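Student: Pasting in a structure now, in structure tokens, and then I'll have a few things to ask.
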Protein chains: 2
Amino acid sequence: MKHAHTHDLEHDLLAAAQWCAKRGEKLTDQRREVLALLLSAQGSMKAYDLLAEIQKQRPTAAPPTVYRALDFLVTAGLAHKLESKNAFVACCDFEHPHHGLMLICDRCHKVTELSDERLAARLAEDAASHGFSVAAQDIEVRGLCRNCRDGDTEGAA
Amino acid sequence: MKHAHTHDLEHDLLAAAQWCAKRGEKLTDQRREVLALLLSAQGSMKAYDLLAEIQKQRPTAAPPTVYRALDFLVTAGLAHKLESKNAFVACCDFEHPHHGLMLICDRCHKVTELSDERLAARLAEDAASHGFSVAAQDIEVRGLCRNCRDGDTEGAA
DNA sequence: GCCAAAGCTGTTACGTTATAACATTTAGCA
DNA sequence: TGCTAAATGTTATAACGTAACAGCTTTGGC
Ligand SMILES: [Zn+2]
Ligand SMILES: [Zn+2]
Ligand SMILES: [Zn+2]
Ligand SMILES: [Zn+2]
């Protein structure tokens, strides 16, 4: 069983800060804190769970504290919102524009983010054939990950 | 500019009732009322907007009234939930199992439901290549419909 | 018809998710 | 320094959704 290494986390946070700087924005403490929580999470996290974590450090934090950070991270491409769960997840590859295909395990709640340009192209084609121009596509799929399908019991809720 | 005809609506409701009966379930008055509202809507409808409509007839209706009807309709395949909007839409072809691809116009809010088996297959393939078995896929895509892209001003919010 | 079981509805209360609005502080810069 | 824009603090409330329990209605066996 793996766990995230602090070194990896620091590396990711540094890359994120540089990514923000390149866009003329800043990864402030609050934003970094939320991103760190998302990066460290096994799966996705809900806004109020993030808030509870933040409040361990800053007891005065309120919903806008975390929602503002989340809005920033999502807009900057550093995180994604899982609409079907009202939850958030760190982007696995924010430096390269991609069409996220989110595989969400219903059992262990882990999220795997893929990118398939041909799938995205086919989708855009279908839409275009109906006169529809696609602006944003984030495909969310529910199911079972390999571990959970194979009868693993570690990740059960 | 078209509008739904009562005749079509009655036809759809009858077909829905028969569909329920075939499943050993019933399209009760409340469920039919909610479905009728969804079928008559130009785009999707939110639960509390449906509630407000229902309350014009039954002033005592409460949130569970509409959420129960919606749960039933979604489970029966008569309606879909648009996760990215927290809204609901009538299914365009509930008698045939399909993989919904929802084109949601960000401007006029109309929803077009497609089904593309090859797209669904490709998606399942991508997932399988990561050991993930897909249980449910409802793809939601935001963008602009033909009318709105062509500069139509009628549907603006 | 009577009863019991199951399903549906009424009703109250509450939990969860998200934002509006305005005050204050901080950061960047002339 | 003093101006401005961005970020944060703070309070309150809007929007979305469900738990729990009581009552009613339909159905099927007797
Ligand atoms: Zn991503
Ligand atoms: Zn799993
Ligand atoms: Zn459908
Ligand atoms: Zn449109």
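By order in the structure tokens, chains are A, B, ...; within a chain, residues start at 1; ligands start at 1, following the order shown.
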Write out as a PyMOL selection string all residues of range 25-83 of chain A that backbone DSSP assigns to strand (DSSP E).
Tutor: chain A and resi 79-82
Student: Which residues form the shell of 7 Å around ligand 4 when you count only C-alpha atoms (C1' of nucleotides) and all ligand atoms, given as a ChimeraX atom specification?
Tutor: /B:105-110,144-148,155
Student: Report the residues of range 1-149 of chain B whose backbone DSSP state falls under helix (DSSP H, G or I), written as number ranges by chain.
Tutor: B: 6-22, 29-40, 47-57, 63-75, 117-128, 146-149
Student: As a quick test: using only C-alpha atoms (C1' of nucleotides) and all ligand atoms, which residues lie no more than 8 Å away from ligand 1? Give them as a ChimeraX atom specification.
Tutor: /A:77-80,90-94,97-100,113-114
Student: Hey, which bits of chain B sit within 9 Å of chain A, and for each residue what's the closest pair of atoms and how far apart in Å (one decimal), counting only C-alpha atoms, rows by chain and increasing number, as CSV?
Tutor:
```
residue,atom,partner,partner_atom,distance
B:Leu82,CA,A:Ser84,CA,8.8
B:Glu83,CA,A:Ser84,CA,5.3
B:Ser84,CA,A:Glu83,CA,5.3
B:Lys85,CA,A:Glu83,CA,8.4
B:Asn86,CA,A:Glu83,CA,8.8
B:Leu101,CA,A:Leu123,CA,8.6
B:Leu103,CA,A:Ala127,CA,7.1
B:Ile104,CA,A:Phe132,CA,9.0
B:Cys105,CA,A:Phe132,CA,8.1
B:Thr112,CA,A:His130,CA,8.7
B:Leu114,CA,A:Asp126,CA,8.2
B:Asp116,CA,A:Asp126,CA,7.9
B:Arg118,CA,A:Arg122,CA,9.0
B:Leu119,CA,A:Arg122,CA,6.8
B:Arg122,CA,A:Leu119,CA,6.7
B:Leu123,CA,A:Leu119,CA,7.0
B:Asp126,CA,A:Asp116,CA,7.8
B:Ala127,CA,A:Leu103,CA,7.1
B:Ala128,CA,A:Arg146,CA,8.9
B:His130,CA,A:Arg146,CA,7.5
B:Gly131,CA,A:Arg146,CA,4.6
B:Phe132,CA,A:Cys145,CA,4.4
B:Ser133,CA,A:Leu144,CA,5.4
B:Val134,CA,A:Gly143,CA,4.4
B:Ala135,CA,A:Gly143,CA,4.4
B:Ala136,CA,A:Arg142,CA,5.5
B:Gln137,CA,A:Val141,CA,5.1
B:Asp138,CA,A:Val141,CA,7.3
B:Ile139,CA,A:Ile139,CA,5.6
B:Glu140,CA,A:Ile139,CA,6.8
B:Val141,CA,A:Gln137,CA,5.1
B:Arg142,CA,A:Ala136,CA,5.5
B:Gly143,CA,A:Ala135,CA,4.4
B:Leu144,CA,A:Ser133,CA,5.3
B:Cys145,CA,A:Phe132,CA,4.4
B:Arg146,CA,A:Gly131,CA,4.6
B:Asn147,CA,A:Gly131,CA,8.3
B:Arg149,CA,A:Ser133,CA,7.7
```
